[in-house]
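K.L.:
Input structure: protein.txt, which contains compact mmCIF, C-alpha atoms.
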# COMPACT_ATOMS: atom_id res chain seq x y z
CA MET V 1 -47.27 47.45 70.46
CA GLY V 2 -43.75 46.41 69.44
CA LEU V 3 -42.44 46.19 65.93
CA LEU V 4 -44.96 46.31 63.10
CA MET V 5 -45.49 42.94 61.51
CA ILE V 6 -46.40 44.49 58.15
CA PRO V 7 -45.23 48.08 57.53
CA PHE V 8 -46.98 50.43 55.15
CA ASN V 9 -43.86 50.63 52.98
CA LYS V 10 -40.60 48.71 52.73
CA PRO V 11 -38.01 50.16 50.35
CA PHE V 12 -36.98 47.55 47.79
CA LEU V 13 -33.33 46.98 46.91
CA THR V 14 -32.32 45.45 43.58
CA GLY V 15 -28.94 44.30 44.93
CA GLU V 16 -26.88 46.58 42.68
CA GLU V 17 -27.12 49.74 44.79
CA LEU V 18 -23.94 49.09 46.79
CA THR V 19 -22.03 48.06 43.67
CA ASN V 20 -22.87 51.38 42.03
CA ILE V 21 -22.11 53.36 45.17
CA SER V 22 -18.72 51.62 45.47
CA GLN V 23 -17.98 52.57 41.87
CA ALA V 24 -18.94 56.19 42.59
CA LEU V 25 -16.59 56.18 45.59
CA ASN V 26 -13.78 54.75 43.48
CA ASN V 27 -14.40 57.44 40.88
CA ARG V 28 -13.72 60.05 43.60
CA LYS V 29 -16.50 62.22 42.16
CA LEU V 30 -19.17 62.51 44.83
CA SER V 31 -20.86 65.84 44.18
CA GLY V 32 -23.57 66.19 41.55
CA ASP V 33 -23.43 65.60 37.80
CA GLY V 34 -20.93 62.74 37.75
CA GLU V 35 -21.06 59.47 35.82
CA PHE V 36 -24.20 58.09 37.47
CA THR V 37 -26.09 61.38 37.28
CA LYS V 38 -25.40 61.41 33.54
CA LYS V 39 -26.58 57.78 33.25
CA CYS V 40 -29.84 58.66 35.01
CA HIS V 41 -30.34 61.67 32.76
CA ALA V 42 -29.71 59.55 29.66
CA TRP V 43 -32.13 56.84 30.88
CA PHE V 44 -34.97 59.35 31.17
CA GLU V 45 -34.13 61.28 28.02
CA LYS V 46 -34.08 58.07 25.95
CA LYS V 47 -37.08 56.34 27.51
CA TYR V 48 -39.28 59.40 28.11
CA GLU V 49 -37.93 61.51 25.24
CA PHE V 50 -37.66 64.57 27.44
CA LYS V 51 -35.93 67.49 25.77
CA LYS V 52 -33.89 67.50 29.00
CA ALA V 53 -34.00 65.57 32.27
CA LEU V 54 -32.23 66.86 35.36
CA LEU V 55 -31.95 65.10 38.71
CA THR V 56 -32.83 67.17 41.77
CA THR V 57 -32.57 66.56 45.49
CA SER V 58 -36.36 66.10 45.72
CA CYS V 59 -39.60 66.42 43.81
CA THR V 60 -40.15 69.54 45.91
CA ASP V 61 -37.00 71.07 44.39
CA ALA V 62 -38.13 70.05 40.90
CA LEU V 63 -41.43 71.87 41.46
CA GLU V 64 -39.61 74.94 42.77
CA MET V 65 -37.50 74.92 39.62
CA CYS V 66 -40.71 74.76 37.57
CA ALA V 67 -42.04 77.85 39.34
CA ILE V 68 -38.81 79.78 38.70
CA LEU V 69 -38.63 78.65 35.06
CA LEU V 70 -42.15 79.92 34.41
CA ALA V 71 -41.23 83.24 36.08
CA ILE V 72 -44.10 82.99 38.58
CA LYS V 73 -44.28 86.16 40.64
CA ALA V 74 -46.50 88.05 43.06
CA GLY V 75 -49.94 88.68 41.59
CA ASP V 76 -49.85 85.63 39.34
CA GLU V 77 -52.46 82.91 39.85
CA VAL V 78 -51.71 79.21 39.80
CA ILE V 79 -54.48 76.60 39.64
CA LEU V 80 -53.85 73.27 41.36
CA PRO V 81 -55.69 70.50 43.21
CA SER V 82 -56.40 70.89 46.91
CA TYR V 83 -56.00 67.17 47.49
CA THR V 84 -52.23 66.93 47.13
CA PHE V 85 -49.01 67.13 49.10
CA VAL V 86 -48.01 70.56 50.35
CA SER V 87 -44.95 70.72 48.06
CA THR V 88 -47.26 71.14 45.04
CA ALA V 89 -48.48 74.40 46.54
CA ASN V 90 -45.34 75.58 48.37
CA ALA V 91 -43.32 75.86 45.18
CA PHE V 92 -45.61 78.62 43.93
CA VAL V 93 -46.33 80.31 47.26
CA LEU V 94 -42.57 80.85 47.58
CA ARG V 95 -42.69 82.88 44.35
CA GLY V 96 -45.56 85.01 45.67
CA ALA V 97 -48.33 83.40 43.61
CA THR V 98 -52.01 83.36 44.51
CA LEU V 99 -53.26 79.78 44.69
CA LYS V 100 -56.62 78.73 43.26
CA PHE V 101 -57.58 75.27 44.49
CA ALA V 102 -59.77 72.91 42.45
CA ASP V 103 -61.81 70.02 43.81
CA SER V 104 -61.25 66.34 43.05
CA LEU V 105 -63.57 64.16 41.01
CA ALA V 106 -66.32 62.26 42.80
CA HIS V 107 -65.06 58.93 41.45
CA HIS V 108 -61.30 59.59 41.71
CA PRO V 109 -58.96 61.77 43.80
CA ASN V 110 -57.57 63.34 40.60
CA VAL V 111 -58.45 66.97 39.96
CA ASP V 112 -61.73 67.89 38.27
CA VAL V 113 -60.69 69.57 35.01
CA GLU V 114 -64.11 71.24 34.65
CA GLN V 115 -63.42 73.07 37.91
CA ILE V 116 -60.07 74.19 36.56
CA ALA V 117 -61.90 75.70 33.58
CA GLN V 118 -64.02 77.80 35.93
CA LEU V 119 -60.97 79.12 37.80
CA ILE V 120 -59.03 80.49 34.82
CA THR V 121 -58.66 84.28 34.77
CA PRO V 122 -56.40 86.69 32.85
CA ARG V 123 -53.95 86.36 35.76
CA THR V 124 -53.60 82.55 35.50
CA ARG V 125 -49.95 81.76 34.75
CA ALA V 126 -49.82 78.00 35.31
CA ILE V 127 -51.99 74.94 35.83
CA VAL V 128 -50.57 72.15 37.97
CA VAL V 129 -52.02 68.65 37.85
CA VAL V 130 -51.18 65.73 40.12
CA HIS V 131 -51.53 62.21 38.75
CA TYR V 132 -52.85 60.68 41.95
CA ALA V 133 -51.75 57.08 42.63
CA GLY V 134 -49.95 57.18 39.29
CA ILE V 135 -53.26 57.37 37.38
CA ALA V 136 -53.44 59.97 34.63
CA CYS V 137 -55.66 63.01 34.92
CA ASP V 138 -57.94 63.81 31.99
CA MET V 139 -55.10 65.27 29.94
CA ASP V 140 -57.06 65.51 26.68
CA ARG V 141 -59.48 67.98 28.22
CA LEU V 142 -56.80 69.72 30.27
CA LEU V 143 -54.30 70.25 27.46
CA ALA V 144 -57.04 71.55 25.15
CA LEU V 145 -58.12 73.97 27.87
CA ALA V 146 -54.55 75.11 28.54
CA ALA V 147 -53.84 75.59 24.83
CA GLN V 148 -57.02 77.63 24.43
CA HIS V 149 -55.76 80.08 27.05
CA ALA V 150 -52.01 79.70 26.33
CA ILE V 151 -51.29 78.56 29.90
CA PRO V 152 -48.37 76.21 30.62
CA VAL V 153 -49.13 72.90 32.34
CA ILE V 154 -46.94 71.38 35.02
CA GLU V 155 -47.34 67.67 35.71
CA ASP V 156 -46.69 66.76 39.34
CA ALA V 157 -45.77 63.19 38.45
CA ALA V 158 -44.35 62.34 41.88
CA GLN V 159 -46.26 59.04 41.92
CA ALA V 160 -46.47 58.46 38.18
CA ILE V 161 -43.29 56.82 36.91
CA GLU V 162 -44.07 54.17 34.28
CA SER V 163 -47.68 55.32 33.86
CA PHE V 164 -49.27 56.35 30.58
CA HIS V 165 -52.04 58.49 29.10
CA ARG V 166 -53.21 57.11 25.75
CA GLY V 167 -49.79 55.55 25.15
CA ARG V 168 -47.77 58.60 26.21
CA ARG V 169 -45.74 58.54 29.40
CA LEU V 170 -46.95 60.77 32.20
CA GLY V 171 -44.60 63.70 32.62
CA THR V 172 -44.18 64.14 28.87
CA LEU V 173 -47.50 65.85 28.13
CA GLY V 174 -47.14 69.22 29.85
CA THR V 175 -44.51 71.93 29.57
CA LEU V 176 -42.67 70.65 32.65
CA ALA V 177 -42.86 67.67 34.98
CA ALA V 178 -41.62 66.77 38.46
CA PHE V 179 -40.91 63.23 39.68
CA SER V 180 -40.14 61.91 43.16
CA PHE V 181 -37.64 59.25 44.22
CA HIS V 182 -38.58 59.36 47.90
CA GLU V 183 -38.35 55.97 49.57
CA THR V 184 -42.14 55.53 49.33
CA LYS V 185 -42.08 55.71 45.51
CA ASN V 186 -41.83 52.88 42.97
CA VAL V 187 -38.17 53.64 42.29
CA MET V 188 -36.29 55.56 44.92
CA CYS V 189 -32.97 56.68 46.39
CA GLY V 190 -34.19 57.68 49.85
CA GLU V 191 -34.70 61.32 48.85
CA GLY V 192 -34.53 62.54 45.28
CA GLY V 193 -36.38 63.98 42.33
CA LEU V 194 -36.21 64.94 38.68
CA ILE V 195 -37.44 67.77 36.51
CA GLY V 196 -38.52 66.77 33.01
CA ILE V 197 -38.38 69.59 30.45
CA ASN V 198 -40.55 69.30 27.34
CA ASP V 199 -39.91 72.84 26.04
CA GLU V 200 -36.35 73.14 24.72
CA ASN V 201 -36.47 76.91 25.23
CA LEU V 202 -36.33 76.29 28.98
CA ILE V 203 -33.29 73.98 29.03
CA HIS V 204 -30.53 76.59 29.24
CA ARG V 205 -32.14 78.46 32.11
CA ALA V 206 -33.00 75.24 33.92
CA GLU V 207 -29.32 74.28 34.04
CA ILE V 208 -28.47 77.70 35.44
CA ILE V 209 -31.20 77.65 38.10
CA ARG V 210 -30.13 74.16 39.17
CA GLU V 211 -26.51 75.34 39.53
CA LYS V 212 -27.27 78.12 42.03
CA GLY V 213 -27.89 80.67 39.28
CA THR V 214 -24.48 80.16 37.63
CA ASN V 215 -23.56 79.03 34.13
CA ARG V 216 -21.30 76.35 35.63
CA SER V 217 -22.76 73.56 33.47
CA ALA V 218 -21.92 75.47 30.30
CA PHE V 219 -18.40 76.08 31.66
CA PHE V 220 -17.76 72.36 32.19
CA ARG V 221 -18.94 71.65 28.64
CA GLY V 222 -16.41 74.22 27.39
CA GLU V 223 -19.09 76.58 26.10
CA VAL V 224 -17.80 79.54 28.17
CA ASP V 225 -14.27 80.20 29.42
CA LYS V 226 -15.38 81.06 32.94
CA TYR V 227 -18.58 80.88 34.93
CA GLY V 228 -20.36 83.38 37.12
CA TRP V 229 -23.67 84.33 38.72
CA VAL V 230 -26.12 85.03 35.89
CA ASP V 231 -29.61 84.34 37.36
CA ILE V 232 -31.45 83.30 40.50
CA GLY V 233 -31.22 79.66 41.52
CA SER V 234 -30.33 77.29 44.29
CA SER V 235 -28.41 74.11 45.03
CA PHE V 236 -30.74 71.57 43.45
CA LEU V 237 -28.19 68.87 42.54
CA PRO V 238 -28.22 65.53 44.38
CA SER V 239 -24.94 63.85 45.25
CA GLU V 240 -23.41 61.25 42.96
CA ILE V 241 -23.99 58.65 45.68
CA LEU V 242 -27.77 59.14 45.41
CA ALA V 243 -27.56 59.02 41.63
CA ALA V 244 -25.62 55.74 41.81
CA PHE V 245 -28.31 54.27 44.08
CA LEU V 246 -31.08 55.52 41.80
CA TYR V 247 -29.50 54.11 38.66
CA ALA V 248 -29.59 50.62 40.17
CA GLN V 249 -33.31 51.11 40.75
CA LEU V 250 -33.91 52.33 37.21
CA GLU V 251 -32.11 49.29 35.81
CA GLY V 252 -34.28 47.06 38.01
CA ILE V 253 -37.55 48.82 37.25
CA ASN V 254 -39.12 45.90 35.35
CA GLN V 255 -38.68 43.58 38.33
CA ILE V 256 -39.99 46.25 40.71
CA GLN V 257 -43.06 46.92 38.59
CA THR V 258 -43.85 43.24 38.10
CA GLU V 259 -43.95 42.66 41.85
CA ARG V 260 -45.91 45.83 42.62
CA LYS V 261 -48.52 44.93 40.01
CA ARG V 262 -48.79 41.42 41.49
CA VAL V 263 -49.60 42.91 44.90
CA TRP V 264 -52.04 45.48 43.47
CA GLN V 265 -53.88 42.86 41.41
CA ARG V 266 -54.16 40.53 44.41
CA TYR V 267 -55.82 43.30 46.43
CA TRP V 268 -58.13 44.08 43.50
CA ASP V 269 -59.18 40.47 43.07
CA ASN V 270 -59.77 40.01 46.81
CA PHE V 271 -61.93 43.11 47.16
CA THR V 272 -63.88 42.82 43.92
CA ASN V 273 -64.78 39.22 44.83
CA ALA V 274 -65.90 40.22 48.34
CA ASN V 275 -69.23 41.89 47.42
CA LEU V 276 -68.39 45.04 49.33
CA PRO V 277 -71.14 47.61 49.98
CA ASP V 278 -71.81 49.87 47.00
CA ASP V 279 -70.60 52.97 48.80
CA VAL V 280 -67.12 51.53 49.40
CA GLN V 281 -65.01 52.96 46.58
CA LEU V 282 -62.13 50.99 45.04
CA PRO V 283 -59.51 52.47 42.69
CA MET V 284 -60.81 53.46 39.28
CA ILE V 285 -58.60 53.32 36.19
CA PRO V 286 -60.03 55.42 33.31
CA THR V 287 -59.88 53.92 29.81
CA TYR V 288 -57.24 56.50 28.79
CA ALA V 289 -54.93 55.62 31.73
CA THR V 290 -52.68 52.78 32.85
CA ASN V 291 -51.92 51.63 36.37
CA ASN V 292 -48.32 51.67 37.68
CA ALA V 293 -49.32 50.01 40.98
CA HIS V 294 -48.03 52.89 43.04
CA MET V 295 -50.85 52.66 45.54
CA PHE V 296 -53.87 50.63 46.52
CA TYR V 297 -56.44 52.79 48.26
CA ILE V 298 -60.02 52.37 49.43
CA VAL V 299 -62.51 55.18 50.08
CA PHE V 300 -64.97 54.39 52.88
CA PRO V 301 -68.38 56.01 53.38
CA SER V 302 -67.35 57.78 56.60
CA LEU V 303 -64.44 58.80 58.79
CA ALA V 304 -65.69 56.44 61.49
CA GLN V 305 -65.55 53.45 59.16
CA ARG V 306 -62.06 54.36 57.95
CA THR V 307 -60.90 54.73 61.54
CA ALA V 308 -62.37 51.33 62.41
CA VAL V 309 -60.52 49.65 59.52
CA ILE V 310 -57.19 51.29 60.37
CA SER V 311 -57.65 50.28 64.02
CA ALA V 312 -58.49 46.69 63.08
CA LEU V 313 -55.30 46.47 61.04
CA ARG V 314 -53.21 48.09 63.78
CA ALA V 315 -54.52 45.54 66.25
CA ARG V 316 -52.82 42.92 64.06
CA ASN V 317 -49.60 44.98 63.75
CA ILE V 318 -50.37 46.10 60.19
CA LEU V 319 -49.88 49.74 59.27
CA ALA V 320 -52.38 51.32 56.89
CA VAL V 321 -52.46 55.11 56.57
CA PHE V 322 -54.68 57.92 55.35
CA HIS V 323 -53.34 60.50 52.95
CA TYR V 324 -53.50 64.24 52.22
CA GLN V 325 -55.24 66.85 54.30
CA SER V 326 -57.07 69.24 51.96
CA LEU V 327 -54.78 72.23 51.46
CA HIS V 328 -57.61 74.73 51.08
CA SER V 329 -58.65 74.04 54.68
CA SER V 330 -55.13 73.77 56.11
CA PRO V 331 -54.07 76.05 59.00
CA TYR V 332 -51.77 78.00 56.68
CA PHE V 333 -54.24 78.54 53.86
CA LEU V 334 -57.62 78.63 55.59
CA ASP V 335 -57.82 82.43 55.80
CA LYS V 336 -56.53 82.79 52.21
CA HIS V 337 -59.08 80.49 50.55
CA ASP V 338 -61.96 82.12 48.67
CA GLY V 339 -64.59 80.16 50.58
CA ARG V 340 -65.60 77.62 47.92
CA THR V 341 -66.60 74.23 49.31
CA LEU V 342 -64.50 71.41 47.88
CA LEU V 343 -66.60 68.45 48.92
CA ASN V 344 -64.68 65.66 47.23
CA CYS V 345 -61.29 66.80 48.56
CA ASP V 346 -62.71 66.85 52.07
CA ARG V 347 -64.28 63.42 51.58
CA TYR V 348 -60.96 61.89 50.50
CA THR V 349 -59.25 63.60 53.43
CA ASP V 350 -61.67 61.91 55.84
CA CYS V 351 -62.40 58.60 54.14
CA LEU V 352 -59.46 57.39 52.04
CA VAL V 353 -57.02 54.78 53.37
CA ARG V 354 -53.88 53.41 51.72
CA LEU V 355 -53.00 49.76 52.27
CA PRO V 356 -49.44 48.39 52.48
CA LEU V 357 -47.94 47.92 49.03
CA PHE V 358 -44.32 47.03 48.29
CA PRO V 359 -42.60 44.37 46.15
CA GLU V 360 -41.76 42.03 49.02
CA LEU V 361 -45.35 41.82 50.28
CA SER V 362 -46.38 38.19 49.91
CA ASP V 363 -49.70 36.93 48.56
CA GLN V 364 -50.44 35.52 52.02
CA GLU V 365 -49.88 38.92 53.61
CA VAL V 366 -52.09 40.63 51.02
CA ASP V 367 -54.80 38.07 51.75
CA LEU V 368 -54.49 38.66 55.49
CA ILE V 369 -54.78 42.43 55.07
CA SER V 370 -57.73 42.01 52.72
CA ASP V 371 -59.54 39.66 55.10
CA ILE V 372 -59.14 42.06 58.03
CA VAL V 373 -60.51 44.97 55.96
CA ILE V 374 -63.43 42.91 54.66
CA ASP V 375 -64.29 41.55 58.14
CA SER V 376 -64.09 45.05 59.63
CA LEU V 377 -66.44 46.38 56.96
CA ARG V 378 -68.91 43.59 57.50
CA ASN V 379 -68.92 44.35 61.22
CA GLU V 380 -69.42 48.07 60.52
CA PHE V 381 -72.23 47.51 58.05
CA SER V 382 -73.98 44.69 59.92
Mind turning this structure into C-alpha cells?

P.N.:
Amino acid sequence: MGLLMIPFNKPFLTGEELTNISQALNNRKLSGDGEFTKKCHAWFEKKYEFKKALLTTSCTDALEMCAILLAIKAGDEVILPSYTFVSTANAFVLRGATLKFADSLAHHPNVDVEQIAQLITPRTRAIVVVHYAGIACDMDRLLALAAQHAIPVIEDAAQAIESFHRGRRLGTLGTLAAFSFHETKNVMCGEGGLIGINDENLIHRAEIIREKGTNRSAFFRGEVDKYGWVDIGSSFLPSEILAAFLYAQLEGINQIQTERKRVWQRYWDNFTNANLPDDVQLPMIPTYATNNAHMFYIVFPSLAQRTAVISALRARNILAVFHYQSLHSSPYFLDKHDGRTLLNCDRYTDCLVRLPLFPELSDQEVDLISDIVIDSLRNEFS
C-alpha cells in the first residue's frame, strides 16, 4: 500500500524542543529532577494547583504510584471502567487487588457512575475513573458517592489535559491523578507521564516511592544528612532530556490546542451537517464538561459498518483506528470476571472508530476524510 497519505497521528513540534534539549545537554544534568523537570513541576503546580506534581516515565508508572500510595493490597477491591487501556487495570492487579469492572454509558464511553454505586462493598479501596477523549465523567455524582463511603478517587486523566469539569481542571478533583505524555496525546515527549497529588499527606511518600523507595529527594533538599532505603518504590523518574522536550510542549500548549480544536470543530460541522442516520453516534459533550479536542470518534451501529468505513479510508491511504478492547472480556481477565454483561463496553469495542486528529491536519484533509466516511455510510445504509 506504500506510505500512508494521512496518518492517524502526527506528533507536533513547537520548534523549541531542540533548544531546550541542547540547554539540558549543556547543563550536564541528564538524569531526572534537573532544571527542566522542576520547570514542568512548577507549570503544573501553578496552573493546576496540585499540592504536588511529579513527572514519571509514563502514565502507567503514575498509576502504579497511585496504587502504592493508597496501599492497595491483596483482597482489596478496586472499581474501574472496563472500556479503558490495560494500564488502568494493571497498576492495581500488580498490587494484588480484585478488579470490579463497570460498564460505560449508552451515550458516551465514560463510565456509568450508577454502576459504580452498585459495585461498592466494604472491601472497596479505590475508584478509578477515566475521562475518555478528555471529556469529564460525572464527577458531581462520583465524588458524592466516594465521600459517602470514604473511598479515594483516582482520575486517569491520560487524555484529559486542559479539560474541565464545572470550571475545575480534570485531575484536580480526586485524591490522585495520572496524565500521559505519550506521542498520541495533546502534549507529549514521546513517552512520559505525571502524577498529580491533591492530598498533601501523600506528598512525602510519593517522593520516596518515585525515588526507588529512598529519601533521596529529601537528602538533596538538605532535610536529611544521608539517604537510604525507607519504603518500597521503583525508578519512576524520566530523564532531563524528556523533561526539556515536554517543557517546550507545555509552553506551546495554546497553539497546540487552538489547532486541535480547529480540526475537531471541522469534523463536527461536517458530520452534523450531513444528516447521518440516527443510530450513528457522534461525540457528546455534557453541559458540565469542556472539550480539549483530544479525539474525534464516531460510534457506528455495527462492527460491519465500522469495518467498511475503516476499509474505505484505508483504500485512500488514510489511517483510522478502533480503540479499547473491553478488559472484562480480555484473555487475561475473562476467567476472573464475575459474569456481568457490560453491553455498552462491548458495543464501543466493536463499533467505535477514531479519525485522524493532529494540529497539522488541514481543513482540506478533514473534509476529504469526512466525505469518505459519509459516502461509506450512505452506501452501507442505502

K.L.:
Of the candidates V:Val373, V:Ile298, V:Ile256, V:Ala62, which shows the shortest atom-to-atom distance to Phe358 (chain V), using only C-alpha atoms?

P.N.:
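Using only C-alpha atoms, the shortest distance to Phe358 (chain V) belongs to V:Ile256.
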
K.L.:
Can you pull out the residues contacting Val111 (chain V)? Cut-off 10 Å, using all atoms listed in the file, and skip same-chain residues under 4 positions away; I want them as an MDAnalysis selection string.

P.N.:
chainID V and resid 80:84 101:106 115:116 128:132 137:138 344:345

K.L.:
Got a sec: who's within 9 Å of Glu162 (chain V), counting all atoms listed in the file, leaving out chain neighbours fewer than 4 positions off, as a ChimeraX atom specification?

P.N.:
/V:134,169-170,253,257,290-292

K.L.:
Have a look at V:Ala308, V:Met65, V:Ile79, V:Ala320 and name the one nearest to Ile208 (chain V); count only C-alpha atoms.

P.N.:
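For Ile208 (chain V), the nearest of the candidates is V:Met65.
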
K.L.:
When you look at region 155-161 of chain V with a cut-off of 9 Å (counting all atoms listed in the file), what residues show up, excluding the ones that are within fewer than 4 positions of it in the same chain? I need them as a PyMOL selection string.

P.N.:
chain V and resi 59+63+88+127-136+169-182+185-187+193+291-292+294-295

K.L.:
Please measure the separation of CA of Leu319 (chain V) and CA of Ile374 (chain V), giving the value in Å to one decimal.

P.N.:
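Separation between CA of Leu319 (chain V) and CA of Ile374 (chain V): 15.9 Å.
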
K.L.:
Grab the CA of Ser329 (chain V) to CA of Leu343 (chain V) distance for me, in Å with one decimal place.

P.N.:
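Result for CA of Ser329 (chain V) versus CA of Leu343 (chain V): 11.3 Å, one decimal.
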
K.L.:
Quick one: residues within 9 Å of Arg205 (chain V), only C-alpha atoms counted, chain neighbours fewer than 5 positions away excluded, as a list of chain:residue names?

P.N.:
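Near Arg205 (chain V), the qualifying residues are V:Leu69, V:Arg210, V:Gly213, V:Asn215, V:Asp231.
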
K.L.:
Which is closer to Thr14 (chain V) than all the others in V:Tyr267, V:Trp229, V:Phe296, V:Phe245, using all atoms listed in the file?

P.N.:
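The closest residue to Thr14 (chain V) is V:Phe245.
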
K.L.:
May I ask for the distance between CA of Asp338 (chain V) and CA of Gln118 (chain V), given in Å to one decimal place?

P.N.:
13.6 Å

K.L.:
Find, counting all atoms listed in the file, the residue in V:Ile120, V:Val86, V:Thr272, V:Gly339 that gets nearest to His323 (chain V).

P.N.:
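Using all atoms listed in the file, His323 (chain V) sits closest to V:Val86.
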
K.L.:
I'd like the contact shell of region 235-239 of chain V - 7 Å cut-off, only C-alpha atoms, skipping same-chain residues fewer than 4 positions apart - returned as a list in words.

P.N.:
Leu30, Ser31, Gly32, Leu55, Thr56, Thr57, Asp61, Arg210, Glu211, Lys212 and Ala243 of chain V
